[in-house]
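**Student:** As input, take data_1.txt (compact mmCIF, C-alpha atoms):
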```txt
# COMPACT_ATOMS: atom_id res chain seq x y z
CA MET O 63 0.00 0.00 0.00
CA PHE O 64 2.96 2.31 -0.55
CA LEU O 65 1.00 4.48 -2.98
CA LEU O 66 -2.69 5.01 -2.36
CA ASN O 67 -4.69 5.37 -5.54
CA ILE O 68 -7.70 6.94 -3.85
CA ALA O 69 -9.63 9.78 -5.43
CA LEU O 70 -9.66 12.84 -3.17
CA GLU O 71 -13.45 12.93 -3.11
CA LYS O 72 -13.46 9.40 -1.65
CA LEU O 73 -11.20 10.22 1.28
CA THR O 74 -12.80 9.81 4.70
CA LEU O 75 -11.85 10.69 8.25
CA HIS O 76 -10.51 7.16 8.68
CA ASN O 77 -8.23 6.84 5.68
CA LEU O 78 -6.77 10.35 5.86
CA PHE O 79 -4.06 9.04 8.20
CA SER O 80 -2.95 6.34 5.77
CA PHE O 81 -3.19 8.75 2.84
CA PHE O 82 -0.94 11.40 4.38
CA PHE O 83 1.37 8.80 5.91
CA GLU O 84 2.12 7.42 2.45
CA ILE O 85 2.79 10.93 1.15
CA LEU O 86 5.03 12.05 4.01
CA PHE O 87 6.92 8.82 4.76
CA GLN O 88 8.41 6.70 2.03
CA PRO O 89 10.00 3.40 3.16
CA SER O 90 13.69 2.97 2.52
CA LEU O 91 14.82 0.44 -0.08
CA GLU O 92 15.87 -1.93 2.71
CA VAL O 93 12.42 -1.78 4.30
CA ALA O 94 10.64 -2.14 0.96
CA ASN O 95 12.73 -5.18 0.04
CA ALA O 96 12.01 -6.82 3.40
CA LEU O 97 8.28 -6.35 2.83
CA LYS O 98 8.26 -7.85 -0.67
CA HIS O 99 7.61 -11.37 0.62
CA ILE O 100 4.58 -10.28 2.65
CA LEU O 101 3.16 -8.17 -0.17
CA GLN O 102 3.68 -11.07 -2.58
CA VAL O 103 1.70 -13.34 -0.26
CA ILE O 104 -1.19 -10.86 -0.44
CA GLU O 105 -0.90 -10.52 -4.22
CA ASN O 106 -1.05 -14.31 -4.50
CA GLY O 107 -4.53 -14.22 -3.02
CA TYR O 108 -3.85 -15.04 0.62
CA MET O 109 -5.71 -13.27 3.42
CA LEU O 110 -3.35 -11.84 6.04
CA THR O 111 -4.30 -12.06 9.71
CA CYS O 112 -2.01 -9.98 11.91
CA ILE O 113 -1.28 -10.34 15.61
CA HIS O 114 0.66 -7.93 17.77
CA LEU O 115 1.60 -9.17 21.23
CA ARG O 116 2.73 -6.45 23.63
CA MET O 117 3.89 -8.51 26.60
CA GLY O 118 6.00 -6.09 28.63
CA GLN O 119 9.13 -7.06 30.53
CA ASN O 120 10.52 -10.39 29.35
CA PRO O 121 13.92 -11.91 28.44
CA SER O 122 13.80 -10.09 25.10
CA ASN O 123 13.10 -6.74 26.78
CA PRO O 124 14.50 -6.85 30.34
CA LEU O 125 14.30 -3.06 30.80
CA ASP O 126 10.61 -2.83 29.92
CA ASP O 127 7.70 -2.41 32.34
CA ARG O 128 6.22 -5.57 33.81
CA PHE O 129 2.64 -6.41 32.74
CA GLU O 130 1.72 -9.35 34.96
CA ALA O 131 -1.89 -9.35 33.75
CA ARG O 132 -0.72 -10.32 30.26
CA ASP O 133 1.01 -13.58 31.16
CA LEU O 134 -1.76 -15.67 29.55
CA THR O 135 -2.35 -13.39 26.57
CA VAL O 136 -0.67 -15.67 24.02
CA GLU O 137 -2.59 -18.73 25.18
CA ASP O 138 -5.90 -16.82 25.01
CA ILE O 139 -5.20 -15.59 21.48
CA ILE O 140 -4.10 -19.05 20.33
CA ASP O 141 -7.36 -20.42 21.74
CA PHE O 142 -9.28 -17.76 19.81
CA LEU O 143 -7.46 -18.64 16.59
CA ASN O 144 -8.14 -22.34 17.12
CA ARG O 145 -11.83 -21.62 17.61
CA THR O 146 -11.84 -19.81 14.26
CA ASN O 147 -10.31 -22.93 12.65
CA LEU O 148 -7.29 -21.02 11.35
CA ARG O 149 -5.44 -24.22 10.47
CA LYS O 150 -8.19 -25.17 8.01
CA MET O 151 -8.05 -21.81 6.24
CA ARG O 152 -5.56 -22.68 3.51
CA HIS O 153 -5.69 -19.22 1.99
CA THR O 154 -4.89 -17.44 5.25
CA ARG O 155 -1.45 -16.47 6.46
CA LEU O 156 -0.61 -15.22 9.94
CA PHE O 157 1.78 -12.32 10.52
CA ALA O 158 2.99 -12.06 14.11
CA ALA O 159 4.97 -9.31 15.81
CA SER O 160 5.84 -8.98 19.48
CA ASP O 161 8.21 -7.52 22.02
CA SER O 162 8.81 -11.08 23.24
CA GLU O 163 10.68 -13.81 21.38
CA GLN O 164 9.03 -16.36 23.66
CA ALA O 165 5.55 -15.17 22.66
CA LEU O 166 6.42 -15.37 18.97
CA LEU O 167 7.77 -18.90 19.36
CA LYS O 168 4.46 -20.01 20.87
CA ILE O 169 2.55 -18.66 17.88
CA VAL O 170 4.98 -20.17 15.37
CA SER O 171 4.90 -23.56 17.09
CA GLN O 172 1.10 -23.64 16.88
CA PHE O 173 0.81 -22.41 13.29
CA SER O 174 4.19 -23.26 11.81
CA ASN O 175 2.98 -23.62 8.22
CA GLN O 176 1.05 -20.36 8.21
CA THR O 177 3.06 -17.89 10.27
CA ILE O 178 5.24 -15.10 8.90
CA THR O 179 7.62 -13.13 11.13
CA ILE O 180 10.34 -10.57 10.53
CA SER O 181 13.79 -11.76 11.56
CA GLY O 182 16.04 -9.58 13.68
CA PRO O 183 16.63 -8.59 17.29
CA ILE O 184 13.60 -7.49 19.31
CA LEU O 185 14.06 -3.94 20.50
CA HIS O 186 12.08 -1.61 22.71
CA ILE O 187 13.02 1.71 21.11
CA ASP O 188 12.57 3.71 24.33
CA ARG O 189 14.50 1.23 26.48
CA PRO O 190 17.10 -0.59 24.36
CA ALA O 191 18.91 -3.26 26.38
CA ASN O 192 21.63 -3.94 23.79
CA LEU O 193 23.09 -0.95 21.98
CA ASN O 194 25.01 -3.26 19.64
CA ASP O 195 21.76 -4.33 17.97
CA LEU O 196 20.23 -0.86 17.86
CA GLY O 197 20.36 -0.46 14.07
CA ARG O 198 19.07 -3.94 13.20
CA GLY O 199 16.48 -3.78 15.95
CA PHE O 200 15.12 -0.44 14.80
CA LEU O 201 14.92 -1.73 11.22
CA LYS O 202 12.81 -4.67 12.40
CA VAL O 203 10.50 -2.28 14.27
CA VAL O 204 9.91 -0.23 11.12
CA ILE O 205 9.26 -3.35 9.01
CA ASP O 206 6.85 -4.72 11.63
CA PHE O 207 5.04 -1.37 11.64
CA TYR O 208 4.54 -1.41 7.88
CA ALA O 209 3.50 -5.07 7.85
CA LEU O 210 0.84 -4.47 10.52
CA GLY O 211 -0.76 -1.98 8.14
CA GLU O 212 -1.31 -4.57 5.40
CA CYS O 213 -3.71 -6.88 7.25
CA ASP O 214 -7.15 -8.15 6.35
CA THR O 215 -7.75 -8.96 10.03
CA SER O 216 -5.93 -7.50 13.03
CA ILE O 217 -5.82 -8.91 16.57
CA LEU O 218 -4.02 -6.42 18.80
CA THR O 219 -3.03 -6.20 22.43
CA PRO O 220 -2.98 -2.76 24.14
CA SER O 221 -0.13 -0.91 22.42
CA GLY O 222 0.28 2.49 20.86
CA PHE O 223 2.68 0.95 18.34
CA SER O 224 0.21 -1.46 16.76
CA GLY O 225 -2.68 0.96 17.27
CA LEU O 226 -0.95 3.49 15.02
CA ALA O 227 0.21 0.81 12.60
CA ASN O 228 -3.41 -0.27 12.24
CA ARG O 229 -4.29 3.27 11.15
CA ARG O 230 -2.32 2.63 7.95
CA ARG O 231 -5.07 0.28 6.83
CA ILE O 232 -7.45 1.92 4.37
CA GLU O 233 -10.31 0.52 6.47
CA PRO O 234 -8.81 0.47 9.97
CA TYR O 235 -11.96 -0.87 11.69
CA ARG O 236 -12.60 -3.76 9.31
CA ASN O 237 -12.01 -7.08 11.09
CA LEU O 238 -10.33 -5.30 13.98
CA PHE O 239 -10.10 -7.13 17.29
CA LYS O 240 -8.45 -6.21 20.56
CA TYR O 241 -7.48 -8.29 23.54
CA ASP O 242 -9.21 -7.21 26.73
CA VAL O 243 -6.53 -7.82 29.34
CA VAL O 244 -8.86 -7.42 32.32
CA ASN O 245 -11.45 -9.95 31.17
CA ARG O 246 -9.10 -12.14 29.08
CA ARG O 247 -11.25 -12.09 25.98
CA ILE O 248 -11.11 -10.96 22.38
CA GLU O 249 -13.42 -8.08 21.49
CA ARG O 250 -14.38 -6.75 18.09
CA CYS O 251 -13.81 -3.03 17.61
CA HIS O 252 -16.42 -0.88 15.92
CA ASP O 253 -16.13 2.66 14.68
CA ILE O 254 -17.88 4.99 17.13
CA TYR O 255 -18.93 7.22 14.23
CA GLU O 256 -21.14 4.46 12.84
CA TYR O 257 -23.69 5.42 15.47
CA GLY O 258 -25.67 8.58 15.99
CA LYS O 259 -25.03 8.31 19.70
CA GLN O 260 -21.73 7.05 21.05
CA PRO O 261 -22.38 3.56 22.45
CA LYS O 262 -21.28 2.37 25.83
CA THR O 263 -17.78 0.91 25.60
CA VAL O 264 -16.76 -2.36 27.22
CA GLY O 265 -13.56 -2.44 29.24
CA VAL O 266 -10.21 -0.75 28.55
CA LEU O 267 -12.13 2.46 28.01
CA SER O 268 -9.37 5.00 27.45
CA TYR O 269 -7.28 2.60 25.36
CA CYS O 270 -10.11 1.75 23.02
CA ARG O 271 -11.08 5.38 22.42
CA VAL O 272 -7.64 6.93 22.16
CA ILE O 273 -5.81 4.29 20.14
CA PHE O 274 -8.61 2.83 18.05
CA ASN O 275 -11.30 5.49 18.48
CA CYS O 276 -13.79 2.67 18.52
CA SER O 277 -16.36 0.93 20.65
CA SER O 278 -15.77 -2.63 21.82
CA ARG O 279 -18.30 -5.36 21.37
CA GLU O 280 -18.05 -8.56 23.36
CA MET O 281 -17.59 -11.61 21.13
```
When written as structure tokens, how does the structure in this file appear?
**Tutor:**
Amino acid sequence: MFLLNIALEKLTLHNLFSFFFEILFQPSLEVANALKHILQVIENGYMLTCIHLRMGQNPSNPLDDRFEARDLTVEDIIDFLNRTNLRKMRHTRLFAASDSEQALLKIVSQFSNQTITISGPILHIDRPANLNDLGRGFLKVVIDFYALGECDTSILTPSGFSGLANRRRIEPYRNLFKYDVVNRRIERCHDIYEYGKQPKTVGVLSYCRVIFNCSSREM
């Protein structure tokens, strides 16, 4: 989606972000080359389901904040994917990004024939633990960000990173799900502007409004 061929009269409040992002920020050749495989998967007719797992402090990010409530996040999302019969969807590929190598390994082990990941060191940009991998780690972050904007379906944990990446989608609320940490469930996000009156939100109130600007609906 590097160049958006959208007529100006068809622009909406929701795709203005992606439109101006593509104008103002062009990916480097290195980033574009790294994304070729994922874009080719989409061009070949596969649906791309994306998962972003923001786990907090872990062996991959020892300087990060600790999010104890998210310890079972990966298992809950794997259970959700199994209930949607992902393994039987031959024309679906799974892109996974995370701040935890351990979380990614769990996803890959469950869906080894369908999962796509970006290789490279995992880096928390604000709290890098290893300055030697700063360049390669930052490159992976940028590639992950672009890839998360190419999804047909997005399943996201609370994170400003993936919330903004999701805004690159031309239809950011289509097949958008978030993980409710408090209640350990997957919720579908709806655009609050679809309604004349803003509906009552369910859980993670400030996160849902600020990052997604949406209303949650219990699955």
**Student:** What separation in Å, quoted to one decimal, exists between CA of Val103 in chain O and CA of Ala209 in chain O?
**Tutor:**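 Going from CA of Val103 in chain O over to CA of Ala209 in chain O covers 11.7 Å.
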**Student:** For Met117 in chain O, work out the shell of residues within 8 Å, counting all atoms listed in the file and skipping chain neighbours fewer than 2 positions away, then give it as number ranges by chain.
**Tutor:** O: 115, 119-120, 129, 132-133, 135, 160-162, 165
**Student:** Skip range 88-95 of chain O itself and residues of its chain fewer than 3 positions away, then list as a PyMOL selection string all residues within 12 Å of it, counting only C-alpha atoms.
**Tutor:** chain O and resi 63-65+80-85+98-102+180+198+200-209
**Student:** Could you tell me how far CA of Thr177 in chain O sits from CA of Arg149 in chain O, in Å to one decimal place?
**Tutor:** 10.6 Å
**Student:** Using CA of Ser122 in chain O and CA of Leu210 in chain O as the two end points, give the distance in Å to one decimal.
**Tutor:** 20.3 Å
**Student:** Using all atoms listed in the file, list the residues that have an atom at most 8 Å from (-2.3, -16.2, 6.2), coordinates as in the file, as a list in words.
**Tutor:**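 Within 8 Å of (-2.3, -16.2, 6.2), the protein and nucleic acid residues are Tyr108, Met109, Leu110, Thr111, Arg152, His153, Thr154, Arg155, Leu156, Phe157, Gln176 and Thr177 of chain O.
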**Student:** Please work out which residues fall within 9 Å of (-7.3, -4.8, 30.6), coordinates as given in the file, with all atoms listed in the file counting, and return them as an mmCIF file with C-alpha atoms, in the coordinates of the input.
**Tutor:**
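To be explicit, this is the file written out as result-v7.cif:
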```cif
data_model
loop_
_atom_site.group_PDB
_atom_site.id
_atom_site.type_symbol
_atom_site.label_atom_id
_atom_site.label_comp_id
_atom_site.auth_asym_id
_atom_site.auth_seq_id
_atom_site.Cartn_x
_atom_site.Cartn_y
_atom_site.Cartn_z
ATOM 1 C CA ALA O 131 -1.890 -9.350 33.750
ATOM 2 C CA ARG O 132 -0.720 -10.320 30.260
ATOM 3 C CA PRO O 220 -2.980 -2.760 24.140
ATOM 4 C CA TYR O 241 -7.480 -8.290 23.540
ATOM 5 C CA ASP O 242 -9.210 -7.210 26.730
ATOM 6 C CA VAL O 243 -6.530 -7.820 29.340
ATOM 7 C CA VAL O 244 -8.860 -7.420 32.320
ATOM 8 C CA ASN O 245 -11.450 -9.950 31.170
ATOM 9 C CA ARG O 246 -9.100 -12.140 29.080
ATOM 10 C CA GLY O 265 -13.560 -2.440 29.240
ATOM 11 C CA VAL O 266 -10.210 -0.750 28.550
#
```
**Student:** Quick one: of O:Leu78, O:Asp195, O:Ile217, O:Ser224, who's nearest to Arg236 in chain O, counting all atoms listed in the file?
**Tutor:**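 Checking each of O:Leu78, O:Asp195, O:Ile217, O:Ser224 against Arg236 in chain O, counting all atoms listed in the file, the winner is O:Ile217.
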**Student:** For Ser171 in chain O, which residue among O:Glu249, O:Thr219, O:Glu130, O:Val136 is the nearest when counting all atoms listed in the file?
**Tutor:**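 That would be O:Val136, the residue with the smallest distance to Ser171 in chain O.
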